[in-house]
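Student: So that you have it, the file is query_34.cif, and it contains mmCIF, C-alpha atoms:
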data_start
loop_
_atom_site.label_atom_id
_atom_site.label_comp_id
_atom_site.auth_asym_id
_atom_site.auth_seq_id
_atom_site.Cartn_x
_atom_site.Cartn_y
_atom_site.Cartn_z
CA MET A 1 -34.70 15.64 38.19
CA ASN A 2 -33.05 16.11 34.79
CA GLU A 3 -29.79 17.07 36.46
CA THR A 4 -29.76 13.88 38.55
CA ILE A 5 -30.39 11.68 35.50
CA GLY A 6 -27.67 13.52 33.59
CA LEU A 7 -25.13 13.08 36.35
CA ILE A 8 -25.96 9.35 36.63
CA LEU A 9 -25.48 8.95 32.86
CA ILE A 10 -22.15 10.79 33.03
CA GLY A 11 -21.01 8.50 35.85
CA ILE A 12 -21.92 5.39 33.83
CA GLY A 13 -19.99 6.77 30.85
CA LEU A 14 -16.89 7.46 32.94
CA ALA A 15 -16.97 3.92 34.36
CA PHE A 16 -17.17 2.45 30.84
CA ASP A 17 -14.24 4.61 29.73
CA LEU A 18 -12.06 3.41 32.59
CA VAL A 19 -12.95 -0.27 32.07
CA GLY A 20 -12.25 -0.02 28.34
CA THR A 21 -8.78 1.43 28.84
CA ILE A 22 -7.97 -1.18 31.49
CA GLY A 23 -8.87 -3.78 28.85
CA LEU A 24 -6.59 -1.96 26.41
CA VAL A 25 -3.66 -2.44 28.79
CA ARG A 26 -4.34 -5.94 30.12
CA LEU A 27 -5.50 -8.04 27.15
CA PRO A 28 -2.89 -10.09 25.28
CA ASP A 29 -3.54 -9.48 21.59
CA ILE A 30 -4.21 -6.64 19.16
CA TYR A 31 -7.64 -8.03 18.21
CA ASN A 32 -8.70 -8.57 21.84
CA ARG A 33 -7.50 -5.09 22.74
CA LEU A 34 -9.39 -3.67 19.79
CA GLN A 35 -12.71 -5.24 20.69
CA ALA A 36 -12.43 -4.35 24.39
CA ALA A 37 -11.23 -0.78 24.01
CA THR A 38 -13.29 0.33 21.04
CA LYS A 39 -16.66 -0.95 22.19
CA CYS A 40 -16.32 0.18 25.80
CA VAL A 41 -14.90 3.62 25.05
CA THR A 42 -17.38 4.32 22.25
CA LEU A 43 -20.34 3.48 24.46
CA GLY A 44 -18.84 5.33 27.43
CA THR A 45 -18.15 8.58 25.59
CA ALA A 46 -21.53 8.50 23.83
CA THR A 47 -23.25 7.97 27.21
CA LEU A 48 -21.24 10.86 28.68
CA LEU A 49 -22.30 13.17 25.85
CA ILE A 50 -25.96 12.13 26.10
CA GLY A 51 -25.76 12.72 29.85
CA ALA A 52 -24.41 16.21 29.17
CA ALA A 53 -27.33 16.83 26.82
CA VAL A 54 -29.85 15.64 29.44
CA TYR A 55 -28.15 17.70 32.13
CA SER A 56 -28.12 21.00 30.26
CA GLY A 57 -31.43 20.66 28.44
CA LEU A 58 -32.18 22.10 25.02
CA THR A 59 -29.36 24.61 24.88
CA ALA A 60 -26.52 25.03 22.39
CA LEU A 61 -24.33 22.77 24.53
CA GLY A 62 -26.95 20.01 24.60
CA ALA A 63 -27.59 20.10 20.86
CA LYS A 64 -23.89 19.98 20.05
CA ALA A 65 -23.41 17.13 22.52
CA ILE A 66 -26.14 15.09 20.78
CA VAL A 67 -24.58 15.74 17.37
CA CYS A 68 -21.17 14.74 18.71
CA ALA A 69 -22.59 11.53 20.27
CA VAL A 70 -24.25 10.49 17.00
CA PHE A 71 -21.04 11.18 15.11
CA ILE A 72 -18.95 9.10 17.51
CA LEU A 73 -21.44 6.22 17.42
CA LEU A 74 -21.30 6.26 13.60
CA THR A 75 -17.57 6.64 13.01
CA SER A 76 -15.81 4.76 15.79
CA PRO A 77 -16.84 1.24 14.59
CA VAL A 78 -15.74 2.18 11.07
CA GLY A 79 -12.33 3.17 12.36
CA ALA A 80 -12.02 0.01 14.43
CA HIS A 81 -12.93 -2.15 11.43
CA ALA A 82 -10.33 -0.37 9.32
CA ILE A 83 -7.66 -0.90 12.00
CA ALA A 84 -8.52 -4.62 12.33
CA ARG A 85 -8.34 -5.14 8.57
CA GLY A 86 -5.10 -3.18 8.39
CA ALA A 87 -3.58 -5.22 11.20
CA HIS A 88 -4.55 -8.49 9.50
CA ILE A 89 -3.05 -7.40 6.19
CA PHE A 90 0.00 -6.04 8.05
CA GLY A 91 0.62 -9.62 9.22
CA ILE A 92 -0.06 -9.56 12.95
CA LYS A 93 -0.48 -13.11 14.25
CA LEU A 94 -3.35 -14.07 16.53
CA TRP A 95 -2.82 -14.91 20.19
CA GLU A 96 -1.71 -18.52 20.68
CA HIS A 97 -4.90 -19.47 22.56
CA SER A 98 -7.24 -17.97 19.97
CA LEU A 99 -9.67 -20.51 18.57
CA GLY A 100 -9.96 -19.57 14.92
CA ASP A 101 -9.41 -17.01 12.21
CA ALA A 102 -12.61 -16.80 10.17
CA TYR A 103 -11.27 -14.01 7.96
CA GLN A 104 -8.31 -16.07 6.78
CA ASP A 105 -10.46 -19.18 6.32
CA ARG A 106 -12.82 -17.21 4.11
CA GLN A 107 -9.91 -15.85 2.11
CA GLU A 108 -8.53 -19.35 1.53
CA ASN A 109 -11.92 -20.78 0.55
CA GLN A 110 -12.82 -18.06 -1.91
CA GLY A 111 -9.33 -17.37 -3.17
CA SER A 112 -10.02 -13.67 -3.33
CA GLN A 113 -7.86 -10.82 -2.17
CA LEU A 114 -10.53 -9.30 0.06
CA MET B 1 -22.35 20.17 38.52
CA SER B 2 -20.35 20.36 41.70
CA LEU B 3 -16.61 20.70 41.98
CA ILE B 4 -16.25 17.24 43.55
CA PHE B 5 -18.06 15.48 40.68
CA PHE B 6 -16.04 17.47 38.13
CA SER B 7 -12.76 16.58 39.86
CA ILE B 8 -13.60 12.88 40.11
CA GLY B 9 -14.64 12.76 36.45
CA MET B 10 -11.51 14.53 35.29
CA GLY B 11 -9.40 12.20 37.47
CA ILE B 12 -10.99 9.10 35.93
CA LEU B 13 -10.46 10.41 32.40
CA LEU B 14 -6.87 11.36 33.25
CA LEU B 15 -6.18 7.85 34.57
CA ALA B 16 -7.68 6.34 31.40
CA SER B 17 -5.50 8.65 29.29
CA PHE B 18 -2.38 7.57 31.13
CA LEU B 19 -3.28 3.91 30.48
CA CYS B 20 -3.59 4.81 26.77
CA LEU B 21 -0.22 6.56 26.87
CA TYR B 22 1.30 3.44 28.41
CA ARG B 23 -0.05 1.37 25.51
CA ILE B 24 1.27 3.90 22.99
CA SER B 25 4.76 3.79 24.48
CA ALA B 26 4.95 0.06 25.21
CA GLY B 27 2.80 -1.45 22.43
CA PRO B 28 4.83 -4.14 20.67
CA THR B 29 3.38 -3.64 17.18
CA PRO B 30 2.25 -0.58 15.16
CA PRO B 31 -1.50 -1.50 15.18
CA ASP B 32 -1.44 -1.45 19.01
CA ARG B 33 -0.27 2.14 18.94
CA THR B 34 -2.89 3.00 16.34
CA VAL B 35 -5.67 1.60 18.53
CA ALA B 36 -4.39 3.55 21.52
CA ILE B 37 -4.24 6.80 19.51
CA ASP B 38 -7.84 6.25 18.37
CA ILE B 39 -9.01 5.65 21.94
CA LEU B 40 -7.11 8.70 23.20
CA GLY B 41 -8.87 10.87 20.63
CA THR B 42 -12.26 9.59 21.79
CA LEU B 43 -11.34 10.26 25.44
CA MET B 44 -10.37 13.85 24.59
CA VAL B 45 -13.95 14.47 23.42
CA GLY B 46 -15.13 13.43 26.89
CA PHE B 47 -12.58 15.77 28.51
CA THR B 48 -13.77 18.70 26.45
CA CYS B 49 -17.44 17.97 27.13
CA LEU B 50 -16.90 17.84 30.91
CA TYR B 51 -14.90 21.07 30.76
CA ALA B 52 -17.63 22.83 28.77
CA MET B 53 -20.29 21.65 31.24
CA TYR B 54 -18.45 22.72 34.39
CA PHE B 55 -17.47 26.19 33.18
CA ASN B 56 -20.77 26.62 31.26
CA GLN B 57 -18.97 27.58 28.07
CA GLU B 58 -20.74 26.07 25.08
CA PHE B 59 -17.89 27.21 22.82
CA TYR B 60 -15.81 24.21 23.87
CA MET B 61 -18.32 21.79 22.32
CA ASN B 62 -17.16 23.09 18.92
CA VAL B 63 -13.69 21.94 19.89
CA ALA B 64 -15.10 18.50 20.77
CA LEU B 65 -16.87 18.20 17.39
CA ALA B 66 -13.74 19.19 15.45
CA TRP B 67 -11.64 16.82 17.55
CA ALA B 68 -13.98 13.89 16.80
CA LEU B 69 -13.81 14.61 13.06
CA LEU B 70 -10.02 14.92 12.96
CA SER B 71 -9.52 11.83 15.13
CA PHE B 72 -11.64 9.74 12.74
CA ILE B 73 -9.74 11.00 9.70
CA GLY B 74 -6.41 10.28 11.38
CA THR B 75 -7.48 6.77 12.35
CA VAL B 76 -8.59 5.90 8.84
CA ALA B 77 -5.38 7.33 7.37
CA LEU B 78 -3.24 5.28 9.77
CA ALA B 79 -5.27 2.14 8.95
CA LYS B 80 -4.68 2.71 5.23
CA TYR B 81 -0.99 3.11 5.99
CA LEU B 82 -1.01 -0.23 7.83
CA GLU B 83 -2.53 -1.93 4.80
CA GLY B 84 0.42 -0.70 2.79
CA ARG B 85 -1.64 1.10 0.18
CA LYS B 86 -1.55 4.54 -1.34
CA PHE B 87 -4.28 6.96 -0.39
CA HIS B 88 -5.95 7.17 -3.80
CA GLU B 89 -6.72 3.46 -4.05
#
For this file, write the structure as structure tokens.

Tutor:
Amino acid sequence: MNETIGLILIGIGLAFDLVGTIGLVRLPDIYNRLQAATKCVTLGTATLLIGAAVYSGLTALGAKAIVCAVFILLTSPVGAHAIARGAHIFGIKLWEHSLGDAYQDRQENQGSQL
Amino acid sequence: MSLIFFSIGMGILLLASFLCLYRISAGPTPPDRTVAIDILGTLMVGFTCLYAMYFNQEFYMNVALAWALLSFIGTVALAKYLEGRKFHE
């Protein structure tokens, strides 16, 4: 029973990984690519690791997989936010059909550097 | 875990990695390459976890943990480089 649930979770994680990287290739803009790839691949890899923990039970492999999943869920959004901020400061323009740039509007209203 | 499931999983992860490598080689701007490097590091953790499960070697999960740590540090360092700042600011 546990093994079946683990394998299903691993399959879901692999599907999310593949969809996220397809979004990384096909989307037009750095910000679109960032939101597609980071969210999908973070969730997919965390689901894969949790599936590995469910599959193997309370062994050393399962405990390390849970620790690794928690670490990825904590750090991957931080890295994505840092990349987005870096890209904006680097001067990458938005896609031509993008609707608005709230970060730049806030900068202009407040007149601050952040 | 059967050999067929392991092979299909490794094939999917390998395809995803090749899509990331395409974005690294063809990305028009430096932040595109940085995003692809970050995603490739996260995929490698999945590779290592599947490998450890199939061969029943829990040692490889240590490799996955270290890889996740180093990938995060590298991503943050590259993002600081994109902002054009020094590292002590």

Student: Find the residues near Tyr55 (chain A): any atom within 7 Å, counting only C-alpha atoms, skip ones fewer than 6 places away on the same chain, and give them as a list in words.

Tutor: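 My list of contacting residues is Asn2, Glu3, Gly6 and Leu7 of chain A.
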
Student: With only C-alpha atoms counted and 7 Å as the cut-off, give the residues of region 9-84 of chain B in contact with region 16-30 of chain A, each with its shortest interatomic distance in Å and the pair that gives it, as CSV.

Tutor:
residue,atom,partner,partner_atom,distance
B:Ile12,CA,A:Leu18,CA,6.7
B:Ala16,CA,A:Leu18,CA,5.4
B:Leu19,CA,A:Thr21,CA,6.3
B:Cys20,CA,A:Thr21,CA,6.5
B:Arg23,CA,A:Val25,CA,6.2
B:Asp32,CA,A:Ile30,CA,5.9

Student: Only C-alpha atoms, please: the residues just picked out, written as an mmCIF file, in the frame of the given file.

Tutor:
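File produced: selection.cif:
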data_model
loop_
_atom_site.group_PDB
_atom_site.id
_atom_site.type_symbol
_atom_site.label_atom_id
_atom_site.label_comp_id
_atom_site.auth_asym_id
_atom_site.auth_seq_id
_atom_site.Cartn_x
_atom_site.Cartn_y
_atom_site.Cartn_z
ATOM 1 C CA ILE B 12 -10.990 9.100 35.930
ATOM 2 C CA ALA B 16 -7.680 6.340 31.400
ATOM 3 C CA LEU B 19 -3.280 3.910 30.480
ATOM 4 C CA CYS B 20 -3.590 4.810 26.770
ATOM 5 C CA ARG B 23 -0.050 1.370 25.510
ATOM 6 C CA ASP B 32 -1.440 -1.450 19.010
#

Student: Can you turn the PyMOL selection byres ((chain A) within 9 of (chain B)) into a concrete residue list for this file, as a PyMOL selection string?

Tutor: chain A and resi 3+7+10-11+14-15+17-22+24-25+29-30+33-34+37-38+41-42+44-46+48-49+52+55-56+59-62+64-65+67-68+71-72+75-76+78-80+82-90+92

Student: Distance CA of Glu108 (chain A)-CA of Lys93 (chain A), one decimal place?

Tutor: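 Taking CA of Glu108 (chain A) as the start and CA of Lys93 (chain A) as the end point, the length is 16.3 Å.
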
Student: For region 52-70 of chain A, what centre and edge lengths in Å (one decimal) does the axis-aligned box get once 8 Å is added on each side of all its listed atoms, as JSON?

Tutor:
{"center_x": -26.7, "center_y": 17.8, "center_z": 24.6, "size_x": 27.0, "size_y": 30.5, "size_z": 31.1}

Student: Could you pull region 13-30 of chain A out of the block above and give me N, CA and C atoms, as an mmCIF file, in the first residue's frame?

Tutor:
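The result, stored in out-v5.cif:
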data_model
loop_
_atom_site.group_PDB
_atom_site.id
_atom_site.type_symbol
_atom_site.label_atom_id
_atom_site.label_comp_id
_atom_site.auth_asym_id
_atom_site.auth_seq_id
_atom_site.Cartn_x
_atom_site.Cartn_y
_atom_site.Cartn_z
ATOM 1 N N GLY A 13 5.397 13.869 -9.416
ATOM 2 C CA GLY A 13 6.551 14.768 -9.378
ATOM 3 C C GLY A 13 7.288 14.811 -10.703
ATOM 4 N N LEU A 14 7.443 13.652 -11.344
ATOM 5 C CA LEU A 14 8.131 13.626 -12.644
ATOM 6 C C LEU A 14 7.342 14.401 -13.692
ATOM 7 N N ALA A 15 6.005 14.273 -13.663
ATOM 8 C CA ALA A 15 5.190 15.007 -14.635
ATOM 9 C C ALA A 15 5.330 16.514 -14.432
ATOM 10 N N PHE A 16 5.347 16.965 -13.157
ATOM 11 C CA PHE A 16 5.522 18.396 -12.897
ATOM 12 C C PHE A 16 6.884 18.888 -13.372
ATOM 13 N N ASP A 17 7.926 18.060 -13.164
ATOM 14 C CA ASP A 17 9.259 18.445 -13.632
ATOM 15 C C ASP A 17 9.270 18.662 -15.142
ATOM 16 N N LEU A 18 8.679 17.713 -15.865
ATOM 17 C CA LEU A 18 8.698 17.809 -17.329
ATOM 18 C C LEU A 18 7.913 19.023 -17.816
ATOM 19 N N VAL A 19 6.738 19.279 -17.203
ATOM 20 C CA VAL A 19 5.931 20.427 -17.626
ATOM 21 C C VAL A 19 6.649 21.740 -17.330
ATOM 22 N N GLY A 20 7.326 21.808 -16.176
ATOM 23 C CA GLY A 20 8.058 23.028 -15.834
ATOM 24 C C GLY A 20 9.177 23.326 -16.802
ATOM 25 N N THR A 21 9.917 22.302 -17.232
ATOM 26 C CA THR A 21 11.012 22.582 -18.163
ATOM 27 C C THR A 21 10.500 22.878 -19.558
ATOM 28 N N ILE A 22 9.336 22.312 -19.929
ATOM 29 C CA ILE A 22 8.748 22.699 -21.224
ATOM 30 C C ILE A 22 8.367 24.182 -21.185
ATOM 31 N N GLY A 23 7.829 24.634 -20.032
ATOM 32 C CA GLY A 23 7.540 26.057 -19.887
ATOM 33 C C GLY A 23 8.798 26.905 -19.946
ATOM 34 N N LEU A 24 9.905 26.369 -19.403
ATOM 35 C CA LEU A 24 11.178 27.107 -19.474
ATOM 36 C C LEU A 24 11.619 27.310 -20.915
ATOM 37 N N VAL A 25 11.333 26.359 -21.792
ATOM 38 C CA VAL A 25 11.763 26.507 -23.182
ATOM 39 C C VAL A 25 10.782 27.362 -23.974
ATOM 40 N N ARG A 26 9.473 27.214 -23.743
ATOM 41 C CA ARG A 26 8.500 27.778 -24.676
ATOM 42 C C ARG A 26 8.058 29.204 -24.361
ATOM 43 N N LEU A 27 8.151 29.648 -23.117
ATOM 44 C CA LEU A 27 7.588 30.957 -22.780
ATOM 45 C C LEU A 27 8.491 32.082 -23.280
ATOM 46 N N PRO A 28 7.938 33.286 -23.504
ATOM 47 C CA PRO A 28 8.671 34.293 -24.274
ATOM 48 C C PRO A 28 9.628 35.171 -23.480
ATOM 49 N N ASP A 29 9.564 35.195 -22.152
ATOM 50 C CA ASP A 29 10.151 36.290 -21.398
ATOM 51 C C ASP A 29 10.869 35.696 -20.187
ATOM 52 N N ILE A 30 11.845 36.412 -19.654
ATOM 53 C CA ILE A 30 12.568 35.889 -18.490
ATOM 54 C C ILE A 30 11.637 35.745 -17.287
#
